[in-house]
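Colleague: Sharing model_17.cif here; it has mmCIF, C-alpha atoms.
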```cif
data_protein
#
loop_
_atom_site.label_atom_id
_atom_site.label_comp_id
_atom_site.auth_asym_id
_atom_site.auth_seq_id
_atom_site.Cartn_x
_atom_site.Cartn_y
_atom_site.Cartn_z
CA MET A 1 73.08 65.03 -30.90
CA PRO A 2 71.33 68.33 -31.74
CA ILE A 3 68.12 66.76 -30.42
CA LEU A 4 69.85 65.95 -27.12
CA THR A 5 71.32 69.41 -26.64
CA SER A 6 67.94 70.88 -27.54
CA LEU A 7 66.22 68.73 -24.91
CA LEU A 8 68.89 69.70 -22.38
CA ALA A 9 68.48 73.39 -23.16
CA GLY A 10 64.70 73.09 -22.68
CA LEU A 11 65.18 71.26 -19.37
CA VAL A 12 67.69 73.76 -17.98
CA PHE A 13 65.50 76.62 -19.18
CA GLY A 14 62.57 75.10 -17.29
CA PHE A 15 64.70 74.61 -14.15
CA GLY A 16 65.59 78.28 -14.28
CA LEU A 17 61.96 79.32 -14.69
CA ILE A 18 60.87 77.19 -11.72
CA LEU A 19 63.75 78.19 -9.41
CA SER A 20 63.45 81.88 -10.23
CA GLY A 21 59.69 82.05 -9.62
CA MET A 22 58.90 82.98 -13.24
CA ALA A 23 56.71 79.88 -13.52
CA ASN A 24 54.42 81.31 -10.84
CA PRO A 25 52.01 83.87 -12.34
CA ALA A 26 51.31 85.45 -8.93
CA LYS A 27 55.02 86.25 -8.63
CA VAL A 28 55.16 87.66 -12.17
CA LEU A 29 52.16 89.89 -11.49
CA GLY A 30 53.80 91.04 -8.26
CA PHE A 31 56.65 92.31 -10.42
CA LEU A 32 54.38 93.90 -13.03
CA ASP A 33 52.34 95.69 -10.34
CA LEU A 34 54.40 98.84 -10.04
CA ALA A 35 51.54 100.67 -8.37
CA GLY A 36 51.08 98.11 -5.60
CA ARG A 37 53.54 96.39 -3.29
CA TRP A 38 56.30 95.77 -5.80
CA ASP A 39 58.37 92.59 -5.89
CA PRO A 40 61.53 93.43 -7.89
CA SER A 41 62.71 89.78 -8.10
CA LEU A 42 62.10 89.34 -11.81
CA ALA A 43 64.43 92.20 -12.65
CA LEU A 44 67.17 90.03 -11.14
CA VAL A 45 66.02 87.01 -13.18
CA MET A 46 66.55 89.12 -16.27
CA ALA A 47 69.90 90.37 -14.98
CA GLY A 48 71.11 86.83 -14.26
CA ALA A 49 69.97 85.54 -17.65
CA VAL A 50 71.38 88.44 -19.67
CA GLY A 51 74.62 88.34 -17.66
CA VAL A 52 75.29 84.79 -18.85
CA GLY A 53 73.74 85.47 -22.25
CA LEU A 54 76.06 88.39 -23.04
CA LEU A 55 79.05 86.07 -22.74
CA ALA A 56 77.41 83.29 -24.78
CA PHE A 57 76.37 85.57 -27.63
CA ALA A 58 79.77 87.28 -27.68
CA ILE A 59 81.21 83.84 -28.47
CA ALA A 60 78.38 82.92 -30.85
CA ARG A 61 78.78 86.13 -32.84
CA ARG A 62 82.37 85.25 -33.75
CA ARG A 63 81.46 81.81 -35.07
CA THR A 64 79.84 80.74 -38.33
CA ALA A 65 79.09 77.22 -37.07
CA SER A 66 77.98 75.86 -33.71
CA PHE A 67 80.08 73.46 -31.60
CA LEU A 68 78.12 70.68 -33.32
CA GLY A 69 78.92 72.09 -36.76
CA LEU A 70 75.43 73.43 -37.35
CA PRO A 71 74.99 76.80 -39.06
CA MET A 72 74.81 79.73 -36.63
CA ARG A 73 71.32 81.13 -37.20
CA LEU A 74 71.34 84.47 -35.48
CA PRO A 75 68.52 86.87 -36.38
CA THR A 76 69.31 89.28 -39.18
CA ALA A 77 66.19 91.45 -39.01
CA ARG A 78 66.99 94.96 -37.82
CA HIS A 79 63.92 96.96 -38.79
CA ILE A 80 61.68 98.40 -36.11
CA ASP A 81 58.12 98.59 -37.41
CA GLY A 82 54.46 98.44 -36.46
CA ARG A 83 54.39 94.67 -36.48
CA LEU A 84 57.19 94.47 -33.93
CA VAL A 85 55.78 97.14 -31.63
CA GLY A 86 52.09 96.28 -32.09
CA GLY A 87 52.68 92.56 -31.61
CA SER A 88 54.80 93.19 -28.53
CA LEU A 89 52.12 95.47 -27.05
CA LEU A 90 49.44 92.79 -27.55
CA PHE A 91 51.75 90.23 -25.98
CA GLY A 92 52.37 92.53 -23.00
CA ILE A 93 48.63 93.02 -22.42
CA GLY A 94 48.11 89.23 -22.40
CA TRP A 95 51.10 88.80 -20.10
CA GLY A 96 49.69 91.35 -17.67
CA LEU A 97 46.21 89.76 -17.72
CA ALA A 98 47.30 86.27 -16.66
CA GLY A 99 50.93 86.53 -15.56
CA PHE A 100 51.97 83.91 -18.11
CA CYS A 101 54.40 84.27 -21.00
CA PRO A 102 55.09 81.29 -23.29
CA GLY A 103 57.98 79.57 -21.45
CA PRO A 104 56.53 79.65 -17.93
CA ALA A 105 53.13 78.55 -19.25
CA LEU A 106 54.72 75.41 -20.72
CA ALA A 107 56.61 74.72 -17.48
CA ALA A 108 53.39 75.17 -15.45
CA LEU A 109 51.66 72.84 -17.91
CA GLY A 110 54.25 70.23 -16.92
CA MET A 111 53.20 70.71 -13.30
CA GLY A 112 49.76 69.47 -14.29
CA GLN A 113 48.09 72.85 -13.85
CA VAL A 114 44.72 72.84 -15.64
CA LYS A 115 44.71 76.63 -15.91
CA ALA A 116 48.11 76.51 -17.62
CA ALA A 117 46.66 74.02 -20.11
CA ILE A 118 43.81 76.44 -20.90
CA PHE A 119 46.28 79.27 -21.42
CA VAL A 120 48.56 77.15 -23.63
CA GLY A 121 45.59 75.98 -25.70
CA ALA A 122 44.50 79.57 -26.28
CA MET A 123 48.10 80.62 -27.02
CA LEU A 124 48.44 77.90 -29.67
CA ALA A 125 45.11 79.02 -31.14
CA GLY A 126 46.46 82.58 -31.27
CA MET A 127 49.59 81.39 -33.04
CA GLY A 128 47.35 79.49 -35.45
CA VAL A 129 45.37 82.64 -36.17
CA PHE A 130 48.64 84.40 -36.98
CA GLU A 131 49.61 81.64 -39.43
CA LEU A 132 46.21 81.85 -41.16
CA LEU A 133 46.38 85.64 -41.46
CA GLU A 134 49.94 85.41 -42.80
CA ARG A 135 48.94 82.82 -45.36
CA ARG A 136 46.03 84.96 -46.48
CA ALA A 137 48.25 88.03 -46.75
CA ALA A 138 50.87 86.24 -48.84
CA PRO A 139 49.48 82.93 -50.14
CA SER A 140 52.50 81.95 -52.22
CA THR A 141 55.40 83.40 -50.28
CA ALA A 142 54.85 82.54 -46.63
CA LYS A 143 57.32 84.54 -44.64
CA ALA A 144 59.78 82.88 -42.31
CA MET B 145 54.97 102.24 -5.06
CA SER B 146 56.32 100.38 -2.05
CA LEU B 147 58.70 97.45 -2.10
CA ASP B 148 57.38 94.08 -1.00
CA TRP B 149 60.46 92.86 0.88
CA ASN B 150 58.73 89.67 2.04
CA ALA B 151 58.12 88.56 -1.53
CA PHE B 152 61.60 89.61 -2.76
CA THR B 153 63.74 86.53 -3.51
CA PRO B 154 67.04 87.87 -4.86
CA THR B 155 69.11 84.68 -4.56
CA THR B 156 66.79 82.27 -6.34
CA ALA B 157 65.88 84.98 -8.86
CA LEU B 158 69.53 85.53 -9.82
CA ALA B 159 70.38 81.82 -9.77
CA GLY B 160 67.28 80.89 -11.78
CA GLY B 161 68.01 83.69 -14.21
CA ALA B 162 71.58 82.45 -14.63
CA LEU B 163 70.22 78.95 -15.42
CA ILE B 164 67.97 80.48 -18.10
CA GLY B 165 71.09 82.17 -19.46
CA VAL B 166 72.96 78.86 -19.45
CA ALA B 167 70.09 77.24 -21.37
CA ALA B 168 70.18 80.02 -23.97
CA ALA B 169 73.98 79.60 -24.14
CA VAL B 170 73.74 75.83 -24.73
CA PHE B 171 71.11 76.37 -27.40
CA VAL B 172 73.00 78.98 -29.38
CA LEU B 173 76.47 77.46 -29.00
CA PHE B 174 75.46 73.86 -29.78
CA ASN B 175 72.35 74.23 -31.95
CA GLY B 176 73.09 77.65 -33.40
CA ARG B 177 69.59 78.76 -32.48
CA ILE B 178 67.87 81.44 -30.44
CA ALA B 179 66.14 80.04 -27.36
CA GLY B 180 62.93 81.96 -27.97
CA VAL B 181 60.01 79.91 -26.72
CA SER B 182 57.32 81.55 -28.86
CA GLY B 183 59.44 81.12 -31.99
CA VAL B 184 60.34 77.50 -31.26
CA LEU B 185 56.70 76.66 -30.50
CA GLY B 186 55.20 78.74 -33.31
CA GLY B 187 57.47 77.02 -35.85
CA LEU B 188 55.68 73.77 -35.08
CA LEU B 189 52.49 75.21 -36.59
CA LYS B 190 54.20 75.74 -39.93
CA PRO B 191 56.01 72.43 -40.25
CA VAL B 192 59.15 72.32 -42.35
CA LYS B 193 60.75 68.94 -43.00
CA GLY B 194 63.81 68.26 -40.84
CA ASP B 195 62.95 71.22 -38.66
CA LEU B 196 60.64 69.52 -36.19
CA GLY B 197 62.85 67.31 -34.02
CA TRP B 198 64.84 69.99 -32.23
CA ARG B 199 61.72 72.10 -31.71
CA ILE B 200 59.79 69.22 -30.15
CA ALA B 201 62.82 68.27 -28.01
CA PHE B 202 63.19 71.81 -26.63
CA ILE B 203 59.46 72.08 -25.81
CA LEU B 204 59.47 68.60 -24.26
CA GLY B 205 62.40 69.59 -22.07
CA LEU B 206 60.54 72.67 -20.91
CA VAL B 207 57.35 70.76 -20.13
CA ALA B 208 59.26 67.91 -18.44
CA ALA B 209 61.36 70.30 -16.34
CA PRO B 210 59.02 70.16 -13.29
CA LEU B 211 59.27 66.35 -13.24
CA ALA B 212 63.08 66.48 -13.36
CA TYR B 213 63.15 69.34 -10.84
CA ALA B 214 61.12 67.21 -8.41
CA LEU B 215 64.07 64.78 -8.24
CA PHE B 216 66.17 67.48 -6.56
CA ALA B 217 63.72 69.68 -4.69
CA SER B 218 60.02 70.15 -4.23
CA VAL B 219 58.42 72.13 -7.04
CA PRO B 220 56.78 75.27 -5.69
CA GLU B 221 53.05 75.35 -6.43
CA PRO B 222 52.22 78.17 -8.86
CA ARG B 223 49.34 80.48 -7.99
CA ILE B 224 47.15 81.28 -11.00
CA ASP B 225 44.53 83.85 -10.01
CA ALA B 226 43.19 84.57 -13.49
CA GLY B 227 39.81 83.03 -14.29
CA TRP B 228 39.14 80.88 -17.35
CA GLY B 229 37.85 83.75 -19.46
CA ASP B 230 40.90 85.89 -18.73
CA LEU B 231 43.20 82.93 -19.39
CA VAL B 232 41.67 82.40 -22.83
CA ILE B 233 41.87 86.09 -23.76
CA ALA B 234 45.42 86.33 -22.38
CA GLY B 235 46.51 83.19 -24.22
CA LEU B 236 45.11 84.44 -27.53
CA LEU B 237 46.83 87.82 -27.10
CA VAL B 238 50.15 86.21 -26.16
CA GLY B 239 49.93 83.79 -29.10
CA ILE B 240 49.09 86.41 -31.73
CA GLY B 241 51.27 89.12 -30.21
CA THR B 242 54.46 87.10 -29.86
CA ARG B 243 54.21 85.88 -33.46
CA TYR B 244 53.59 89.35 -34.92
CA GLY B 245 56.27 90.78 -32.66
CA SER B 246 58.65 87.92 -33.55
CA GLY B 247 59.43 87.02 -29.98
CA CYS B 248 58.64 86.97 -26.30
CA THR B 249 60.37 87.33 -22.95
CA SER B 250 62.98 84.73 -23.91
CA GLY B 251 63.66 85.54 -27.57
CA HIS B 252 63.61 89.33 -27.32
CA GLY B 253 64.10 89.72 -23.57
CA VAL B 254 66.87 87.27 -22.71
CA CYS B 255 68.49 86.48 -26.07
CA GLY B 256 67.85 89.79 -27.84
CA LEU B 257 69.19 91.94 -25.03
CA SER B 258 72.19 89.58 -24.74
CA ARG B 259 72.85 90.16 -28.44
CA LEU B 260 72.55 93.92 -27.86
CA SER B 261 69.84 94.06 -30.53
CA PRO B 262 68.08 97.46 -30.74
CA ARG B 263 65.05 95.73 -32.30
CA SER B 264 64.72 93.40 -29.31
CA LEU B 265 65.23 96.30 -26.90
CA VAL B 266 62.28 98.12 -28.50
CA ALA B 267 60.15 94.95 -28.33
CA THR B 268 61.10 94.36 -24.69
CA ILE B 269 60.25 97.94 -23.71
CA ALA B 270 56.91 97.57 -25.54
CA PHE B 271 55.81 94.33 -23.89
CA MET B 272 57.13 95.26 -20.44
CA GLY B 273 55.40 98.64 -20.69
CA ALA B 274 52.15 97.01 -21.79
CA GLY B 275 52.47 94.46 -18.98
CA PHE B 276 52.99 97.15 -16.33
CA ALA B 277 50.12 99.23 -17.72
CA THR B 278 47.74 96.26 -17.90
CA VAL B 279 48.33 95.25 -14.29
CA VAL B 280 47.88 98.83 -13.10
CA VAL B 281 44.59 99.12 -15.01
CA VAL B 282 43.26 95.71 -13.99
CA ARG B 283 44.28 95.87 -10.33
CA HIS B 284 44.00 99.52 -9.46
CA LEU B 285 41.56 101.13 -11.89
CA ILE B 286 39.04 98.39 -12.71
CA GLY B 287 39.51 95.92 -9.87
CA ALA B 288 39.87 98.42 -7.04
#
```
Show the structure stored in the file as structure tokens.

Modeller:
Amino acid sequence: MPILTSLLAGLVFGFGLILSGMANPAKVLGFLDLAGRWDPSLALVMAGAVGVGLLAFAIARRRTASFLGLPMRLPTARHIDGRLVGGSLLFGIGWGLAGFCPGPALAALGMGQVKAAIFVGAMLAGMGVFELLERRAAPSTAKA
Amino acid sequence: MSLDWNAFTPTTALAGGALIGVAAAVFVLFNGRIAGVSGVLGGLLKPVKGDLGWRIAFILGLVAAPLAYALFASVPEPRIDAGWGDLVIAGLLVGIGTRYGSGCTSGHGVCGLSRLSPRSLVATIAFMGAGFATVVVVRHLIGA
């Protein structure tokens, strides 16, 4: 059952990305281009998503187990440090270069876009580099 | 800045955003997990027993979304202007950055803001700021 709900969540997520225009890098870059002719659409994507999300997480916060009886794994980290900010800055630069963030890149991959496949390949390589660096930094206690 | 009213798609942006919110709601309320694409994907590179099925299912749903979407409506063709070199650099930056920053547009942006997490707000400001700055530099300073 958790596998099914997970698949469903991925599917609905992808539907939202396609319908909203997030899966189209040209549209994303039109939003990020504040100095050009600005397309504010993606601000509304965020508003729509957070609007529903606020309600969902208000319910989730009050529960210790999910509807399927699984443990509620909400993030506990609260610290704001160089890793968080530096990593997010690097991510933002990559996002601005191509117009892809992880979710939309995977959805565009499903559309058979070769360029999306190149991006996803490089993204997985980047994630692999992170794992290697983490393992080197702390060989015995790999951080979650 | 001038607004590009022809490109502005408020209805599909809000509706698509709401669907993304619904997906995040399903994922947290049934699976007890944060629908953060970079985290779900990155976890596959550090396999933990019993932790793979739901990750693969979510990613599969995301990649299969265009196929399912095509049953209801025609999938809009994405426009990817970035060249191969830029796609590789962007992918690497997004991969490394999202893992160091512990999240991307979905994990920090949608879910984090919905949880009212200050940490995710900082991350979101960082990657949005870097995204805006990158597009301004690439389009208006270098590419002019």

Colleague: So the first atom is CA of Gly245 (chain B) and the second is CA of Gly36 (chain A); what is the distance between them in Å, to one decimal place?

Modeller: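 Between these atoms lies a distance of 28.5 Å.
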
Colleague: Mind pulling up the distance from CA of Arg37 (chain A) to CA of Val280 (chain B)?

Modeller: 11.6 Å

Colleague: Distance cut-off 12 Å, centre (63.8, 96.3, -29.9) in file coordinates, counting only C-alpha atoms: which residues qualify? Return them as a PyMOL selection string.

Modeller: (chain A and resi 77-88) or (chain B and resi 245-249+251-272)

Colleague: If we count only C-alpha atoms and set the cut-off at 7 Å, which residues sit around Val12 (chain A), ignoring sequence neighbours fewer than 6 positions away in its own chain? Please answer as a PyMOL selection string.

Modeller: chain B and resi 163-164+167

Colleague: Which of these residues is nearest to Val166 (chain B), using only C-alpha atoms: A:Ile18, A:Leu8, A:Leu68, A:Leu44?

Modeller: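 Selected residue with least distance to Val166 (chain B): A:Leu8.
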
Colleague: Dig up all the protein and nucleic acid residues within 12 Å of (80.7, 83.7, -39.8) in the file frame, using only C-alpha atoms, and format them as a PyMOL selection string.

Modeller: (chain A and resi 59-66+70-74) or (chain B and resi 176)

Colleague: As JSON, numbers by chain, please: the residues near region 159-161 of chain B (cut-off 9 Å, only C-alpha atoms, same-chain neighbours under 4 positions excluded).

Modeller: {"A": [13, 15, 16, 17, 18, 19, 20, 21, 22, 42, 44, 45, 46, 47, 48, 49, 50, 51, 52], "B": [154, 155, 165, 166]}

Colleague: Can you turn the PyMOL selection byres ((chain B and resi 206) around 12) into a concrete residue list for this file, as a ChimeraX atom specification?

Modeller: /A:6-18,23,102-111 /B:164,167,179-181,184-185,199-205,207-213

Colleague: What separation in Å, quoted to one decimal, exists between CA of Gly239 (chain B) and CA of Leu124 (chain A)?

Modeller: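 A separation of 6.1 Å between them.
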
Colleague: So that I can check the surroundings of Arg223 (chain B), please list as a list in words every protein, DNA and RNA residue that reaches within 7 Å of it, counting only C-alpha atoms and ignoring chain neighbours fewer than 6 positions away.

Modeller: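 Surrounding residues, per the criterion: Asn24, Pro25 and Ala26 of chain A.
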
Colleague: Output the selection as a CSV table (one decimal), in the coordinates of the input - C-alpha atoms for each residue.

Modeller:
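Resulting contents of result-v5.csv:
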```csv
chain,number,residue,atom,x,y,z
A,24,ASN,CA,54.4,81.3,-10.8
A,25,PRO,CA,52.0,83.9,-12.3
A,26,ALA,CA,51.3,85.4,-8.9
```

Colleague: Using all atoms listed in the file, which residues sit within 9 Å of Glu131 (chain A) once same-chain residues fewer than 3 positions away are excluded, as a ChimeraX atom specification?

Modeller: /A:126-128,134-136,142 /B:186,189-190,243

Colleague: Only C-alpha atoms, please: the residues just picked out, written as a short mmCIF file (atom, residue, chain, number, x, y, z; two decimals), in the coordinates of the input.

Modeller:
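Heads up, here's the output in out-v3.cif:
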```cif
data_model
loop_
_atom_site.label_atom_id
_atom_site.label_comp_id
_atom_site.auth_asym_id
_atom_site.auth_seq_id
_atom_site.Cartn_x
_atom_site.Cartn_y
_atom_site.Cartn_z
CA GLY A 126 46.46 82.58 -31.27
CA MET A 127 49.59 81.39 -33.04
CA GLY A 128 47.35 79.49 -35.45
CA GLU A 134 49.94 85.41 -42.80
CA ARG A 135 48.94 82.82 -45.36
CA ARG A 136 46.03 84.96 -46.48
CA ALA A 142 54.85 82.54 -46.63
CA GLY B 186 55.20 78.74 -33.31
CA LEU B 189 52.49 75.21 -36.59
CA LYS B 190 54.20 75.74 -39.93
CA ARG B 243 54.21 85.88 -33.46
#
```
